[in-house]
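Asker: One file is attached below, work_37.txt, containing compact mmCIF, C-alpha atoms.
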```txt
# COMPACT_ATOMS: atom_id res chain seq x y z
CA MET A 1 77.29 61.64 12.69
CA CYS A 2 75.01 64.25 11.14
CA ARG A 3 74.44 67.60 12.83
CA ALA A 4 72.03 70.26 11.62
CA PRO A 5 71.99 73.52 13.59
CA TYR A 6 69.34 76.21 13.18
CA TYR A 7 70.26 79.66 14.43
CA SER A 8 68.00 82.45 15.61
CA ALA A 9 68.72 85.77 17.26
CA ARG A 10 68.27 84.32 20.72
CA GLY A 11 69.05 80.64 20.49
CA GLU A 12 70.15 77.61 18.54
CA LEU A 13 68.14 74.49 17.77
CA GLN A 14 70.40 71.56 16.98
CA LEU A 15 69.46 68.14 15.64
CA GLN A 16 72.03 65.35 15.90
CA ALA A 17 71.83 61.84 14.48
CA SER A 18 74.51 59.16 14.59
CA ASN A 19 74.67 55.44 13.97
CA GLU A 20 77.48 52.96 14.44
CA SER A 21 77.26 49.31 13.42
CA PHE A 22 79.37 46.45 14.76
CA GLY A 23 80.04 43.29 12.77
CA PRO A 24 80.61 39.76 14.06
CA PRO A 25 80.46 38.64 16.74
CA LEU A 26 78.25 41.48 18.08
CA ASN A 27 76.13 42.18 14.98
CA LYS A 28 74.60 45.13 16.82
CA SER A 29 74.21 48.85 16.28
CA HIS A 30 74.37 51.95 18.44
CA SER A 31 72.37 55.01 17.42
CA ILE A 32 71.54 58.39 18.97
CA LEU A 33 68.94 60.89 17.86
CA SER A 34 68.79 64.10 19.88
CA ILE A 35 67.33 67.59 19.73
CA ASP A 36 69.01 70.34 21.74
CA TYR A 37 67.88 73.89 22.18
CA TYR A 38 70.59 76.31 23.37
CA ARG A 39 69.72 79.81 24.54
CA GLU A 40 72.40 82.41 24.91
CA ILE A 41 72.43 84.38 28.14
CA SER A 42 75.91 85.81 27.55
CA ASP A 43 78.82 85.42 25.17
CA ASN A 44 80.14 82.50 27.18
CA TRP A 45 77.20 80.75 28.79
CA LYS A 46 74.32 78.82 27.21
CA PRO A 47 71.66 76.87 29.11
CA TYR A 48 70.03 74.14 27.02
CA ILE A 49 67.31 71.53 27.04
CA ARG A 50 67.61 68.13 25.42
CA ALA A 51 65.37 65.32 24.18
CA ALA A 52 67.10 62.17 22.97
CA ARG A 53 66.39 58.67 21.82
CA ILE A 54 69.28 56.28 22.40
CA SER A 55 69.42 52.76 21.03
CA LYS A 56 72.42 50.79 22.23
CA PHE A 57 72.98 47.12 21.41
CA GLY A 58 69.28 46.44 21.03
CA LEU A 59 68.09 48.42 24.07
CA THR A 60 66.23 51.67 23.44
CA GLU A 61 65.68 54.47 25.96
CA ALA A 62 64.31 57.99 25.76
CA GLN A 63 65.90 60.77 27.79
CA VAL A 64 64.87 64.34 28.54
CA GLY A 65 66.65 66.98 30.53
CA GLY A 66 68.94 69.93 30.28
CA GLY A 67 72.02 71.67 31.47
CA VAL A 68 74.36 74.56 30.93
CA TYR A 69 77.34 74.92 28.62
CA GLY A 70 80.13 77.38 29.29
CA LEU A 71 83.07 78.53 27.21
CA LEU A 72 86.09 79.35 29.32
CA SER A 73 89.39 80.98 28.44
CA TYR A 74 92.01 79.43 26.17
CA GLY A 75 89.45 77.40 24.29
CA SER A 76 88.41 75.22 27.22
CA SER A 77 84.80 74.48 28.02
CA VAL A 78 82.63 73.08 30.78
CA PHE A 79 79.12 71.73 30.94
CA ALA A 80 76.79 70.25 33.52
CA GLN A 81 73.62 68.38 32.72
CA VAL A 82 70.83 66.29 34.22
CA LEU A 83 69.04 63.68 32.10
CA ILE A 84 65.94 61.76 33.15
CA SER A 85 64.63 58.60 31.52
CA PRO A 86 61.06 57.20 31.79
CA SER A 87 62.42 54.61 34.22
CA ALA A 88 63.18 57.53 36.58
CA THR A 89 66.90 57.14 36.15
CA VAL A 90 68.54 60.46 36.94
CA ILE A 91 71.97 61.02 35.45
CA PRO A 92 73.69 64.13 36.82
CA ARG A 93 77.02 64.79 35.16
CA PHE A 94 79.69 67.44 35.38
CA ASP A 95 82.40 67.40 32.73
CA ALA A 96 85.22 69.66 31.67
CA SER A 97 87.27 69.59 28.50
CA ALA A 98 90.29 71.54 27.33
CA GLU A 99 91.39 71.87 23.73
CA VAL A 100 95.08 72.09 22.90
CA SER A 101 95.88 73.43 19.45
CA LYS A 102 99.59 74.25 19.37
CA SER A 103 102.91 72.68 20.27
CA ALA A 104 106.55 73.64 19.96
CA PHE A 105 107.00 71.24 17.05
CA GLY A 106 104.00 72.18 14.94
CA ARG A 107 100.25 71.95 15.18
CA PHE A 108 98.66 69.47 17.57
CA GLU A 109 94.96 69.16 18.12
CA GLY A 110 93.18 67.16 20.78
CA ILE A 111 90.75 67.24 23.65
CA LEU A 112 91.43 66.38 27.27
CA GLY A 113 88.33 65.48 29.26
CA PHE A 114 87.78 65.25 32.99
CA ARG A 115 84.68 63.82 34.61
CA PHE A 116 84.17 65.22 38.09
CA LEU A 117 80.81 63.62 38.85
CA SER A 118 78.95 60.79 37.20
CA PHE A 119 76.31 58.66 38.85
CA ASP A 120 72.77 57.41 38.50
CA THR A 121 70.44 55.03 40.28
CA THR A 122 71.63 52.13 38.13
CA LYS A 123 74.57 50.19 39.59
CA VAL A 124 77.72 49.97 37.47
CA LEU A 125 79.54 46.64 37.82
CA PHE A 126 82.79 45.57 36.17
CA ILE A 127 83.84 41.99 35.43
CA CYS A 128 87.64 42.16 35.44
CA ASP A 129 89.51 39.83 33.11
CA ASN A 130 92.59 41.81 33.99
CA VAL A 131 93.05 45.20 35.63
CA ILE A 132 95.98 46.41 33.53
CA PRO A 133 96.56 45.16 29.94
CA HIS A 134 99.06 42.33 29.48
CA GLU A 135 101.04 44.40 26.97
CA HIS A 136 101.74 47.60 28.88
CA ARG A 137 101.34 50.98 27.19
CA PRO A 138 101.74 54.57 28.38
CA GLY A 139 98.55 55.77 30.06
CA ASP A 140 97.26 52.32 31.12
CA ALA A 141 97.07 53.25 34.79
CA ALA A 142 95.53 56.68 34.14
CA PHE A 143 92.79 55.34 31.86
CA THR A 144 92.02 52.47 34.25
CA TRP A 145 91.77 54.89 37.15
CA TYR A 146 89.38 57.06 35.11
CA ALA A 147 87.22 54.06 34.13
CA PHE A 148 86.97 52.79 37.71
CA GLY A 149 85.66 56.11 39.05
CA PRO A 150 81.89 55.50 38.64
CA VAL A 151 82.01 51.74 39.32
CA ASP A 152 79.96 50.40 42.24
CA GLY A 153 81.36 46.87 42.32
CA PHE A 154 83.78 44.48 40.71
CA ILE A 155 83.83 40.79 39.85
CA THR A 156 87.27 39.18 39.80
CA GLN A 157 87.72 35.67 38.49
CA SER A 158 91.01 34.67 40.04
CA GLU A 159 93.00 35.48 43.14
CA THR A 160 95.64 37.03 40.89
CA VAL A 161 93.18 39.59 39.51
CA GLN A 162 91.78 40.16 42.99
CA ARG A 163 95.24 41.13 44.23
CA ASP A 164 95.80 43.38 41.21
CA LEU A 165 92.45 45.10 41.79
CA LEU A 166 93.11 45.81 45.46
CA ARG A 167 96.61 47.09 44.78
CA PHE A 168 95.23 49.47 42.18
CA TRP A 169 91.87 50.30 43.81
CA PRO A 170 92.01 49.49 47.55
CA LYS A 171 88.48 50.76 48.22
CA ALA A 172 86.92 48.35 45.69
CA LYS A 173 83.79 46.41 46.62
CA PHE A 174 84.17 43.03 44.93
CA ARG A 175 83.33 39.36 44.79
CA ASN A 176 85.84 36.79 43.59
CA VAL A 177 84.08 34.14 41.51
CA PRO A 178 85.93 31.62 39.31
CA HIS A 179 85.39 31.90 35.58
CA PRO A 180 82.36 29.72 34.68
CA VAL A 181 82.68 26.89 32.17
CA TYR A 182 81.53 27.91 28.69
CA ASN A 183 78.71 25.67 27.51
CA ILE A 184 77.61 27.40 24.30
CA PHE A 185 79.77 25.53 21.81
CA GLY A 186 77.77 22.36 21.36
CA ALA A 187 78.43 18.78 22.37
CA LEU A 188 81.68 16.85 22.21
CA LYS A 189 82.09 15.15 18.83
CA GLU A 190 83.64 11.78 18.06
CA LYS A 191 87.40 12.37 17.86
CA VAL A 192 88.09 10.51 14.60
CA ALA A 193 85.25 12.29 12.81
CA ALA A 194 86.37 15.69 14.12
CA ARG A 195 89.91 15.10 12.85
CA ALA A 196 88.66 13.92 9.48
CA ALA A 197 86.60 17.11 9.14
CA LEU A 198 89.76 19.14 9.76
CA GLY A 199 91.84 17.02 7.37
CA ILE A 200 94.30 15.97 10.10
CA THR A 201 95.37 12.32 10.30
CA ALA A 202 97.98 12.51 13.07
CA PRO A 203 97.36 10.00 15.90
CA ARG A 204 98.08 12.52 18.68
CA ILE A 205 96.99 16.15 18.64
CA ILE A 206 97.65 18.99 21.08
CA LEU A 207 95.63 22.21 20.73
CA PHE A 208 96.67 25.84 21.16
CA PHE A 209 93.49 27.92 20.90
CA GLY A 210 92.79 31.65 21.07
CA TYR A 211 94.27 34.98 20.01
CA ILE A 212 97.99 34.74 19.27
CA ARG A 213 99.76 37.39 21.31
CA ARG A 214 103.30 37.36 22.66
CA TYR A 215 102.33 36.81 26.30
CA LYS A 216 100.45 33.61 25.38
CA GLY A 217 103.75 31.87 24.67
CA LEU A 218 103.15 30.16 21.33
CA HIS A 219 106.84 30.64 20.52
CA VAL A 220 107.69 28.63 23.66
CA LEU A 221 105.35 25.83 22.58
CA LEU A 222 106.98 25.72 19.15
CA ASP A 223 110.38 25.29 20.80
CA ALA A 224 108.86 22.50 22.91
CA MET A 225 107.53 20.81 19.76
CA ALA A 226 111.06 20.70 18.37
CA ALA A 227 112.25 19.03 21.59
CA LEU A 228 109.65 16.23 21.41
CA ASP A 229 110.62 12.78 20.19
CA PRO A 230 109.30 12.61 16.60
CA SER A 231 108.41 8.94 17.13
CA LEU A 232 105.59 10.05 19.44
CA SER A 233 103.81 11.48 16.35
CA ILE A 234 102.46 14.51 18.20
CA HIS A 235 100.84 17.17 16.02
CA LEU A 236 100.24 20.77 17.11
CA LEU A 237 97.00 22.43 15.99
CA VAL A 238 97.11 26.23 16.36
CA VAL A 239 93.72 27.93 16.06
CA GLY A 240 93.24 31.67 16.46
CA GLU A 241 93.69 35.09 14.97
CA PHE A 242 97.16 36.63 15.05
CA TYR A 243 97.53 39.81 17.10
CA ASP A 244 101.27 39.43 16.66
CA ASP A 245 103.48 39.10 13.58
CA LYS A 246 102.41 35.83 11.96
CA GLU A 247 105.47 35.70 9.74
CA LYS A 248 107.90 35.39 12.64
CA TYR A 249 106.07 32.29 13.90
CA GLN A 250 106.15 30.77 10.43
CA GLU A 251 109.86 31.49 10.23
CA GLN A 252 110.38 29.87 13.63
CA ILE A 253 108.46 26.75 12.53
CA ALA A 254 110.58 26.47 9.39
CA ALA A 255 113.84 27.04 11.29
CA LEU A 256 112.95 24.33 13.82
CA GLY A 257 112.11 21.85 11.06
CA ILE A 258 108.60 21.11 12.39
CA THR A 259 106.53 22.32 9.46
CA ASP A 260 104.97 18.89 8.93
CA ARG A 261 103.98 18.69 12.61
CA VAL A 262 102.17 22.03 12.93
CA THR A 263 98.83 23.11 11.45
CA ILE A 264 97.76 26.75 11.74
CA ARG A 265 94.16 27.90 11.30
CA SER A 266 94.29 31.67 11.70
CA GLU A 267 90.82 32.58 10.49
CA TYR A 268 87.95 33.84 12.62
CA VAL A 269 86.36 30.92 14.48
CA SER A 270 82.58 30.99 14.85
CA ASN A 271 80.83 29.55 17.91
CA GLU A 272 79.59 26.68 15.76
CA SER A 273 83.16 25.74 14.77
CA VAL A 274 84.78 25.78 18.21
CA GLY A 275 83.61 22.32 19.23
CA GLY A 276 85.22 20.65 16.23
CA TYR A 277 88.71 21.83 17.19
CA PHE A 278 88.43 20.80 20.84
CA SER A 279 86.85 17.48 19.91
CA ALA A 280 89.81 16.70 17.64
CA ALA A 281 92.38 17.32 20.38
CA ASP A 282 93.75 14.99 23.05
CA VAL A 283 94.88 17.83 25.32
CA VAL A 284 94.87 21.64 25.35
CA VAL A 285 98.16 23.46 25.97
CA LEU A 286 98.36 26.96 27.48
CA PRO A 287 102.05 27.97 27.50
CA TYR A 288 101.39 31.51 28.75
CA ILE A 289 104.26 33.72 29.87
CA SER A 290 101.88 35.70 32.06
CA ALA A 291 98.19 35.34 32.80
CA THR A 292 95.33 36.51 34.97
CA GLN A 293 92.91 33.74 34.05
CA SER A 294 91.97 32.12 30.76
CA GLY A 295 88.58 31.39 29.27
CA ILE A 296 90.31 28.81 27.06
CA ALA A 297 90.82 26.52 30.05
CA GLN A 298 87.09 26.72 30.74
CA ILE A 299 86.26 25.83 27.13
CA ALA A 300 88.60 22.85 27.43
CA TYR A 301 86.84 21.76 30.62
CA ASN A 302 83.48 22.03 28.87
CA PHE A 303 84.68 19.38 26.43
CA ASP A 304 86.28 17.30 29.21
CA LYS A 305 89.75 18.01 27.86
CA PRO A 306 92.81 17.96 30.12
CA VAL A 307 95.03 21.06 30.12
CA ILE A 308 98.80 21.40 30.22
CA ALA A 309 99.57 24.97 31.34
CA THR A 310 102.23 27.15 32.81
CA ALA A 311 101.95 27.92 36.52
CA VAL A 312 101.22 31.62 36.07
CA GLY A 313 98.37 33.79 37.36
CA GLY A 314 94.98 32.16 37.63
CA LEU A 315 95.92 29.17 35.46
CA ALA A 316 97.42 27.48 38.50
CA GLU A 317 94.06 27.96 40.28
CA VAL A 318 92.13 26.11 37.55
CA VAL A 319 94.50 23.37 36.40
CA VAL A 320 95.10 20.90 39.21
CA ASP A 321 98.59 19.49 38.69
CA ASN A 322 98.62 15.76 37.90
CA VAL A 323 94.84 15.67 38.36
CA THR A 324 93.24 17.62 35.50
CA GLY A 325 96.49 18.23 33.66
CA PHE A 326 100.07 19.31 34.26
CA LEU A 327 101.59 22.60 35.40
CA VAL A 328 105.08 23.66 34.27
CA PRO A 329 107.23 26.77 34.79
CA PRO A 330 106.77 29.54 32.19
CA GLU A 331 109.25 30.07 29.35
CA GLU A 332 110.84 26.63 29.78
CA PRO A 333 110.27 24.70 26.54
CA GLN A 334 112.13 21.63 27.80
CA ALA A 335 109.85 21.36 30.85
CA LEU A 336 106.83 21.83 28.62
CA ALA A 337 108.06 19.15 26.23
CA ARG A 338 108.55 16.71 29.13
CA ALA A 339 104.98 17.32 30.36
CA ILE A 340 103.52 16.74 26.88
CA SER A 341 105.57 13.56 26.44
CA ARG A 342 104.57 12.29 29.87
CA PHE A 343 100.89 12.90 29.10
CA PHE A 344 100.99 10.56 26.12
CA ILE A 345 103.56 8.01 27.31
CA GLU A 346 101.76 7.45 30.62
CA GLY A 347 98.31 7.44 28.98
CA LYS A 348 96.89 10.22 31.15
CA GLU A 349 94.05 11.32 28.86
CA ASN A 350 91.21 9.17 30.23
CA VAL A 351 92.14 9.61 33.90
CA PHE A 352 92.53 13.37 33.57
CA ALA A 353 89.31 13.68 31.55
CA ALA A 354 87.36 11.89 34.29
CA ASN A 355 88.86 14.26 36.85
CA VAL A 356 87.93 17.26 34.69
CA ARG A 357 84.29 16.13 34.68
CA GLU A 358 84.27 16.37 38.47
CA GLU A 359 86.41 19.49 38.82
CA LYS A 360 84.35 21.59 36.40
CA LYS A 361 81.20 21.24 38.51
CA LYS A 362 82.33 24.12 40.71
CA TYR A 363 82.62 26.57 37.79
CA THR A 364 78.94 27.49 37.48
CA TRP A 365 77.13 30.44 35.97
CA SER A 366 74.73 30.52 38.91
CA ALA A 367 77.62 31.45 41.22
CA LEU A 368 78.51 34.38 38.96
CA VAL A 369 74.87 35.55 38.81
CA SER A 370 74.58 35.38 42.60
CA ALA A 371 77.74 37.48 43.00
CA LEU A 372 76.41 40.09 40.56
CA GLU A 373 73.11 40.28 42.43
CA GLU A 374 74.88 40.66 45.76
CA LEU A 375 76.93 43.58 44.46
CA ALA A 376 73.89 45.17 42.79
CA THR A 377 71.90 45.14 46.02
CA ALA A 378 74.72 45.99 48.40
```
For this file, produce the structure as structure tokens.

Answerer:
Amino acid sequence: MCRAPYYSARGELQLQASNESFGPPLNKSHSILSIDYYREISDNWKPYIRAARISKFGLTEAQVGGGVYGLLSYGSSVFAQVLISPSATVIPRFDASAEVSKSAFGRFEGILGFRFLSFDTTKVLFICDNVIPHEHRPGDAAFTWYAFGPVDGFITQSETVQRDLLRFWPKAKFRNVPHPVYNIFGALKEKVAARAALGITAPRIILFFGYIRRYKGLHVLLDAMAALDPSLSIHLLVVGEFYDDKEKYQEQIAALGITDRVTIRSEYVSNESVGGYFSAADVVVLPYISATQSGIAQIAYNFDKPVIATAVGGLAEVVVDNVTGFLVPPEEPQALARAISRFFIEGKENVFAANVREEKKKYTWSALVSALEELATA
């Protein structure tokens, strides 16, 4: 950010310019150019007028307006402003911030902000993948409560998330719409060709796809791999970036003696590459310890792939046991190993794939759009 103030005896003219760029997959930028004129009416209070040009993720809007800035005691401040855009969007806002500069153990600097009022004529809608993060941290509830304040409506994509939302925010206006099937990753490829492109020659492949985080249960799947009969020649393909310690998984693989039966591709996966991994697999495995819902199941359904998953959260709402895949208890590698073995021994792939083609018809984008429009006009 660049800031250039110009001072006069009665006021201050301030020019601010900032730009932030985001790499893949967004490849977008966010920039703000604003001119503010502050006029002192006392030592503590300054009314101001503002003209700004905001470009956010490809959308540009001009804003004009003004407000008042006040400096309170102990370094705290307060300001209220009204901004108007050419589209007649009025954005009243009242904020307060307090700066803390000392602690008993040394110097600590920070800003605490409180938004008392924030609204405009544009509806704010949230699509909730989960209400509280899977890996809990101090402040999760407080920050979620703060974020939900100006929201007009919510989309939940499983009954599990719906229950979490209403426990946390009982007054929420919402629509529960299942996660649509992703259809942006191209067509299903011939299995032999897809495996050849990946350099994998195993006759049977199971796929674990997505970010590797503890709650997704890859460690449980590795234990299940060790429990499988080697004569079944089942190979595990792990594809995704590690948000956990990669080394501990590699050590687990070595300790279990399954190095030759596991392939890990931990690089970033582009949209164009996704189809190759799913096309190479016989079945997708989601051994989650906990879950709300999973977009991975919907990618699998897009490619007509059966899913073996744990019966947690919204996964049990998407995977129909013994119809589109198998459901097993979480954190039970032996049960998971039995389900994987049964899938191949009983030749379930073709039957389950045909069932997936029917089941996925109810996971449409039009249903999600209709729910968004209902909330926007409510």

Asker: Using only C-alpha atoms, what residues lie at most 10 Å away from (85.5, 30.0, 32.7) (file coordinates), given as a VMD selection string?

Answerer: chain A and resid 157 177 to 183 293 to 302 318 360 363 to 365

Asker: Write out as a PyMOL selection string the residues lying within 7 Å of Ser233 in chain A, counting only C-alpha atoms and excluding same-chain residues fewer than 5 positions away.

Answerer: chain A and resi 202-204

Asker: Nearest residue to Ala172 in chain A out of A:Asp129, A:Leu375, A:Asn19, A:Ser279, using all atoms listed in the file?

Answerer: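 For Ala172 in chain A, the nearest of the candidates is A:Leu375.
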
Asker: Quick one: residues within 10 Å of Glu358 in chain A, all atoms listed in the file, excluding same-chain residues fewer than 3 positions away - as a count of residues only?

Answerer: 8

Asker: Give me the residues near range 209-212 of chain A as an NGL selection string, where near means some atom within 6 Å (using only C-alpha atoms) and where sequence neighbours in that chain fewer than 6 positions away do not count.

Answerer: :A and (239-243)

Asker: How many Å lie between CA of Ile253 in chain A and CA of Pro329 in chain A, rounded to one decimal?

Answerer: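 The value is 22.3 Å.
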
Asker: Find the residues around range 343-352 of chain A up to 8 Å (only C-alpha atoms counted), leave out those fewer than 2 positions away in its own chain, and share them as a PyMOL selection string.

Answerer: chain A and resi 282-283+305-306+322-325+339-341+354-356

Asker: Just want the 7 Å neighbourhood of Val161 in chain A, counted on all atoms listed in the file, with same-chain residues fewer than 3 positions away dropped. Output as a list in words.

Answerer: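 The filter keeps Asn130, Val131, Thr156, Gln157, Ser158, Asp164, Leu165 and Thr292 of chain A.
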
Asker: Would you compute an axis-aligned box for range 328-343 of chain A, covering every atom listed for it in the file with 6 Å of margin on each side, and report centre and edge lengths in Å to one decimal as JSON?

Answerer:
```
{"center_x": 106.5, "center_y": 21.2, "center_z": 30.5, "size_x": 23.2, "size_y": 29.8, "size_z": 20.6}
```
